[in-house]
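K.L.:
Here you go, one structure.
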Amino acid sequence: MKKKIVVAITGASGAIYARLLLNKLQQLNSQIAEVALIMSDNAKQVWQFELDNEDYTNYPYKFYAKNDFMAPFASGSAKFDTMVIIPCSMGTLGRIAGGISDDLVSRAADVILKERRKLILVARDTPLNLIHIRNMATVTEAGGIICPAVPSFYNKPQTVEEVALTVVNRVIDLIGLDNDSYRWGE
């Protein structure tokens, strides 16, 4: 069954992760029914600053405004399978953990959790304070998956993109898409 995926990009540092995920989703489009995209204003600024472009406008996915509560995935009846927030700011994490649905990102995350579907938060901050850790625990206990943007190095990546791709490949695995990537022991 093809996946319906919401991708939310927040203003945390790590626009490279979002770009690589969107690229990967395009490559795996035969497994995907729909991708919906939300970007905060800060996410657009961070993307421009970190990646020196506005290529987020070039993806073939439907963009939804951060306050568009008429978006289909603002309701469980739309049956989106998965939501990925990449990168996920600590503010976004805190609002989700607190059940505060004050924008489309936090509302969609709330819907995904209440429907017992897959919520993946690619947390991108360090160091963590106790509030961050407790918020991660709360989201985990509610059924969400915290996937910190912590790369692996056993595949011997040679570029920054290859390093970041180790995180994105884990996210692709968590979504449940078939992906040709490095596997330990192969």
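Within each chain, counting starts at residue 1; across the structure tokens, chains are named A, B, ... in the order shown, with ligands numbered 1 upward in that order.
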Could you name the residues that touch stretch 101-114 of chain A at 10 Å or less, counting only C-alpha atoms, but leaving out those on the same chain fewer than 6 positions away, as a PDB file with C-alpha atoms, in the first residue's frame?
P.N.:
ATOM      1  CA  VAL A   6       3.165  14.791   5.840  1.00  0.00           C
ATOM      2  CA  VAL A   7       6.589  16.438   5.964  1.00  0.00           C
ATOM      3  CA  ALA A   8       6.946  19.439   8.259  1.00  0.00           C
ATOM      4  CA  ILE A   9      10.091  21.543   8.255  1.00  0.00           C
ATOM      5  CA  THR A  10      10.678  23.776  11.266  1.00  0.00           C
ATOM      6  CA  LEU A  37       4.556  19.800   2.930  1.00  0.00           C
ATOM      7  CA  ILE A  38       4.481  22.450   5.652  1.00  0.00           C
ATOM      8  CA  MET A  39       7.323  24.915   6.268  1.00  0.00           C
ATOM      9  CA  SER A  40       7.483  27.484   9.005  1.00  0.00           C
ATOM     10  CA  TYR A  64       0.220  24.100   3.071  1.00  0.00           C
ATOM     11  CA  ALA A  65       0.370  27.353   5.014  1.00  0.00           C
ATOM     12  CA  LYS A  66       1.352  27.035   8.651  1.00  0.00           C
ATOM     13  CA  ASN A  67      -2.131  28.123   9.764  1.00  0.00           C
ATOM     14  CA  ASP A  68      -4.188  26.229   7.163  1.00  0.00           C
ATOM     15  CA  PHE A  69      -6.418  24.178   9.449  1.00  0.00           C
ATOM     16  CA  MET A  70      -8.450  23.142   6.372  1.00  0.00           C
ATOM     17  CA  ALA A  71      -5.530  20.989   5.183  1.00  0.00           C
ATOM     18  CA  PRO A  72      -6.736  17.400   4.803  1.00  0.00           C
ATOM     19  CA  PHE A  73      -4.273  16.018   7.359  1.00  0.00           C
ATOM     20  CA  ALA A  74      -5.645  18.383  10.034  1.00  0.00           C
ATOM     21  CA  SER A  75      -8.261  15.641  10.416  1.00  0.00           C
ATOM     22  CA  GLY A  76      -7.817  11.942  10.997  1.00  0.00           C
ATOM     23  CA  SER A  77     -10.331  11.153   8.263  1.00  0.00           C
ATOM     24  CA  LYS A  79      -5.791   8.851   6.652  1.00  0.00           C
ATOM     25  CA  PHE A  80      -2.240  10.086   6.304  1.00  0.00           C
ATOM     26  CA  ASP A  81       0.033   7.242   7.451  1.00  0.00           C
ATOM     27  CA  THR A  82       3.058   9.131   8.650  1.00  0.00           C
ATOM     28  CA  MET A  83       4.252  12.565   9.661  1.00  0.00           C
ATOM     29  CA  VAL A  84       7.918  13.501   9.720  1.00  0.00           C
ATOM     30  CA  ILE A  85       9.086  16.742  11.297  1.00  0.00           C
ATOM     31  CA  THR A  92       7.784  22.417  18.135  1.00  0.00           C
ATOM     32  CA  LEU A  93       8.570  19.353  20.252  1.00  0.00           C
ATOM     33  CA  GLY A  94       7.385  21.196  23.368  1.00  0.00           C
ATOM     34  CA  ARG A  95       4.104  22.283  21.773  1.00  0.00           C
ATOM     35  CA  ILE A 120       8.705  10.846  13.544  1.00  0.00           C
ATOM     36  CA  LEU A 121      10.456  13.845  15.090  1.00  0.00           C
ATOM     37  CA  VAL A 139       5.939  12.268  22.882  1.00  0.00           C
ATOM     38  CA  ALA A 142       2.136   9.034  23.334  1.00  0.00           C
ATOM     39  CA  GLY A 143       3.390   6.859  20.458  1.00  0.00           C
ATOM     40  CA  GLY A 144       5.774   9.194  18.651  1.00  0.00           C
TER      41      GLY A 144
END
K.L.:
Could you state the separation of atom CA of A:Asn53 and atom CA of A:Val150 in Å, given to one decimal place?
P.N.:
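Straight-line distance from atom CA of A:Asn53 to atom CA of A:Val150 works out to 24.3 Å.
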K.L.:
Name all residues at most 9 Å from A:Asp55 (count only C-alpha atoms; drop same-chain ones fewer than 5 positions away) and give them as a list in words.
P.N.:
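Selected residues are Arg19, Trp47 and Gln48 of chain A.
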K.L.:
Please, which residues of stretch 2-181 of chain A, numbered as in this document, come out strand (DSSP E) from DSSP, as a VMD selection string?
P.N.:
chain A and resid 3 to 9 32 to 39 62 to 64 82 to 88 118 to 123 145 to 146
K.L.:
With N, CA and C atoms retained, export the selected residues as a tab-separated table (two decimals), in the first residue's frame.
P.N.:
chain	number	residue	atom	x	y	z
A	3	LYS	N	2.13	5.03	0.66
A	3	LYS	CA	2.09	5.86	1.86
A	3	LYS	C	1.60	7.27	1.56
A	4	LYS	N	0.88	7.83	2.52
A	4	LYS	CA	0.52	9.25	2.51
A	4	LYS	C	1.31	9.88	3.65
A	5	ILE	N	2.16	10.83	3.30
A	5	ILE	CA	3.14	11.36	4.25
A	5	ILE	C	3.03	12.88	4.35
A	6	VAL	N	3.05	13.36	5.58
A	6	VAL	CA	3.16	14.79	5.84
A	6	VAL	C	4.61	15.05	6.23
A	7	VAL	N	5.24	16.02	5.59
A	7	VAL	CA	6.59	16.44	5.96
A	7	VAL	C	6.49	17.88	6.45
A	8	ALA	N	6.91	18.10	7.69
A	8	ALA	CA	6.95	19.44	8.26
A	8	ALA	C	8.40	19.82	8.49
A	9	ILE	N	8.73	21.04	8.09
A	9	ILE	CA	10.09	21.54	8.25
A	9	ILE	C	10.00	22.75	9.17
A	32	ILE	N	4.78	5.90	-2.85
A	32	ILE	CA	4.13	7.01	-2.16
A	32	ILE	C	2.88	7.46	-2.91
A	33	ALA	N	1.77	7.58	-2.19
A	33	ALA	CA	0.53	8.09	-2.78
A	33	ALA	C	0.51	9.61	-2.77
A	34	GLU	N	1.04	10.20	-1.68
A	34	GLU	CA	0.95	11.66	-1.54
A	34	GLU	C	1.97	12.12	-0.51
A	35	VAL	N	2.55	13.30	-0.79
A	35	VAL	CA	3.38	13.99	0.19
A	35	VAL	C	2.82	15.40	0.33
A	36	ALA	N	2.52	15.78	1.56
A	36	ALA	CA	2.07	17.13	1.87
A	36	ALA	C	3.19	17.82	2.64
A	37	LEU	N	3.40	19.09	2.38
A	37	LEU	CA	4.56	19.80	2.93
A	37	LEU	C	4.13	21.06	3.66
A	38	ILE	N	4.69	21.24	4.86
A	38	ILE	CA	4.48	22.45	5.65
A	38	ILE	C	5.87	22.98	6.01
A	39	MET	N	6.06	24.28	5.84
A	39	MET	CA	7.32	24.91	6.27
A	39	MET	C	6.98	26.14	7.10
A	62	LYS	N	2.44	19.41	-2.62
A	62	LYS	CA	1.55	20.51	-2.28
A	62	LYS	C	1.99	21.12	-0.95
A	63	PHE	N	2.18	22.43	-0.97
A	63	PHE	CA	2.54	23.17	0.23
A	63	PHE	C	1.27	23.64	0.94
A	64	TYR	N	1.32	23.60	2.26
A	64	TYR	CA	0.22	24.10	3.07
A	64	TYR	C	0.76	25.19	3.99
A	82	THR	N	1.83	8.74	7.96
A	82	THR	CA	3.06	9.13	8.65
A	82	THR	C	3.23	10.63	8.59
A	83	MET	N	3.81	11.17	9.66
A	83	MET	CA	4.25	12.57	9.66
A	83	MET	C	5.69	12.59	10.12
A	84	VAL	N	6.51	13.31	9.37
A	84	VAL	CA	7.92	13.50	9.72
A	84	VAL	C	8.15	14.99	9.92
A	85	ILE	N	8.70	15.35	11.05
A	85	ILE	CA	9.09	16.74	11.30
A	85	ILE	C	10.61	16.77	11.28
A	86	ILE	N	11.16	17.42	10.24
A	86	ILE	CA	12.59	17.35	9.98
A	86	ILE	C	13.12	18.67	9.48
A	87	PRO	N	13.98	19.35	10.13
A	87	PRO	CA	14.36	19.12	11.52
A	87	PRO	C	13.23	19.58	12.45
A	88	CYS	N	13.23	19.05	13.63
A	88	CYS	CA	12.21	19.40	14.61
A	88	CYS	C	12.84	20.27	15.69
A	118	LYS	N	2.02	7.01	12.61
A	118	LYS	CA	3.45	7.17	12.87
A	118	LYS	C	3.88	8.64	12.81
A	119	LEU	N	4.38	9.14	13.94
A	119	LEU	CA	4.95	10.48	14.05
A	119	LEU	C	6.44	10.35	14.31
A	120	ILE	N	7.24	10.92	13.43
A	120	ILE	CA	8.71	10.85	13.54
A	120	ILE	C	9.24	12.26	13.70
A	121	LEU	N	9.88	12.53	14.83
A	121	LEU	CA	10.46	13.84	15.09
A	121	LEU	C	11.98	13.75	15.00
A	122	VAL	N	12.55	14.43	14.03
A	122	VAL	CA	14.00	14.45	13.85
A	122	VAL	C	14.52	15.66	14.64
A	123	ALA	N	14.71	15.42	15.93
A	123	ALA	CA	15.12	16.48	16.86
A	123	ALA	C	16.54	16.94	16.52
A	145	ILE	N	7.92	8.82	17.66
A	145	ILE	CA	9.29	8.32	17.57
A	145	ILE	C	10.23	9.52	17.54
A	146	ILE	N	11.15	9.55	18.48
A	146	ILE	CA	12.19	10.58	18.48
A	146	ILE	C	13.39	10.00	17.75
K.L.:
For a test of reading the model, state the distance in Å between atom CA of A:Gly185 and atom CA of A:Lys156, rounded to one decimal.
P.N.:
13.7 Å
K.L.:
Residues of stretch 3-96 of chain A in helix (DSSP H, G or I) according to DSSP, as an NGL selection string?
P.N.:
:A and (15-27 or 29-31 or 41-51 or 55-58 or 72-74 or 76-78 or 90-96)
K.L.:
Taking 6 positions as the minimum chain separation for residues in the same chain, which residues sit within 10 Å of A:Gln45 when counting only C-alpha atoms? Answer as a list in words.
P.N.:
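In the requested format, the answer is Gly11, Ala15, Leu51, Asp52, Asn53 and Glu54 of chain A.
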K.L.:
Keeping N, CA, C and O atoms, export the residues of the selection given above as a PDB file, in the first residue's frame.
P.N.:
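Result file is part09.pdb:
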ATOM      1  N   GLY A  11      12.118  25.561  11.998  1.00  0.00           N
ATOM      2  CA  GLY A  11      13.244  26.473  11.904  1.00  0.00           C
ATOM      3  C   GLY A  11      14.507  26.063  12.619  1.00  0.00           C
ATOM      4  O   GLY A  11      15.430  26.869  12.756  1.00  0.00           O
ATOM      5  N   ALA A  15      18.613  22.212   7.667  1.00  0.00           N
ATOM      6  CA  ALA A  15      17.839  22.205   6.424  1.00  0.00           C
ATOM      7  C   ALA A  15      18.327  21.113   5.475  1.00  0.00           C
ATOM      8  O   ALA A  15      17.552  20.587   4.678  1.00  0.00           O
ATOM      9  N   LEU A  51      21.606  26.635   3.022  1.00  0.00           N
ATOM     10  CA  LEU A  51      21.780  25.986   1.722  1.00  0.00           C
ATOM     11  C   LEU A  51      21.976  26.992   0.578  1.00  0.00           C
ATOM     12  O   LEU A  51      22.186  26.582  -0.566  1.00  0.00           O
ATOM     13  N   ASP A  52      21.879  28.282   0.886  1.00  0.00           N
ATOM     14  CA  ASP A  52      22.089  29.347  -0.107  1.00  0.00           C
ATOM     15  C   ASP A  52      21.166  29.235  -1.316  1.00  0.00           C
ATOM     16  O   ASP A  52      21.572  29.514  -2.448  1.00  0.00           O
ATOM     17  N   ASN A  53      19.930  28.799  -1.094  1.00  0.00           N
ATOM     18  CA  ASN A  53      18.980  28.731  -2.194  1.00  0.00           C
ATOM     19  C   ASN A  53      17.558  28.711  -1.639  1.00  0.00           C
ATOM     20  O   ASN A  53      17.360  28.685  -0.434  1.00  0.00           O
ATOM     21  N   GLU A  54      16.599  28.733  -2.552  1.00  0.00           N
ATOM     22  CA  GLU A  54      15.186  28.592  -2.202  1.00  0.00           C
ATOM     23  C   GLU A  54      14.608  27.393  -2.942  1.00  0.00           C
ATOM     24  O   GLU A  54      13.459  27.408  -3.385  1.00  0.00           O
TER      25      GLU A  54
END
K.L.:
Quick one: of A:Ala78, A:Leu128, A:Ala149, A:Ile133, who's nearest to A:Ala97, counting only C-alpha atoms?
P.N.:
A:Ile133
K.L.:
Considering only C-alpha atoms, can you say which of A:Glu162, A:Asp178, A:Asp41, A:Asp173 comes closest to A:Ile16?
P.N.:
A:Glu162
K.L.:
So that I can check the surroundings of A:Thr166, please list as a VMD selection string every protein, DNA and RNA residue that reaches within 7 Å of it, counting only C-alpha atoms and ignoring chain neighbours fewer than 3 positions away.
P.N.:
chain A and resid 151 to 152 162 to 163 169 to 170
K.L.:
Generate a file of the selected residues that holds C-alpha atoms, formatted as a PDB file, in the first residue's frame.
P.N.:
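Written file, result_0.pdb:
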ATOM      1  CA  PRO A 151      24.580  10.570  11.992  1.00  0.00           C
ATOM      2  CA  SER A 152      26.376   7.258  11.876  1.00  0.00           C
ATOM      3  CA  GLU A 162      26.712  11.518   2.938  1.00  0.00           C
ATOM      4  CA  VAL A 163      26.897  12.101   6.688  1.00  0.00           C
ATOM      5  CA  ASN A 169      18.027   6.814   5.523  1.00  0.00           C
ATOM      6  CA  ARG A 170      16.993   5.947   9.095  1.00  0.00           C
TER       7      ARG A 170
END
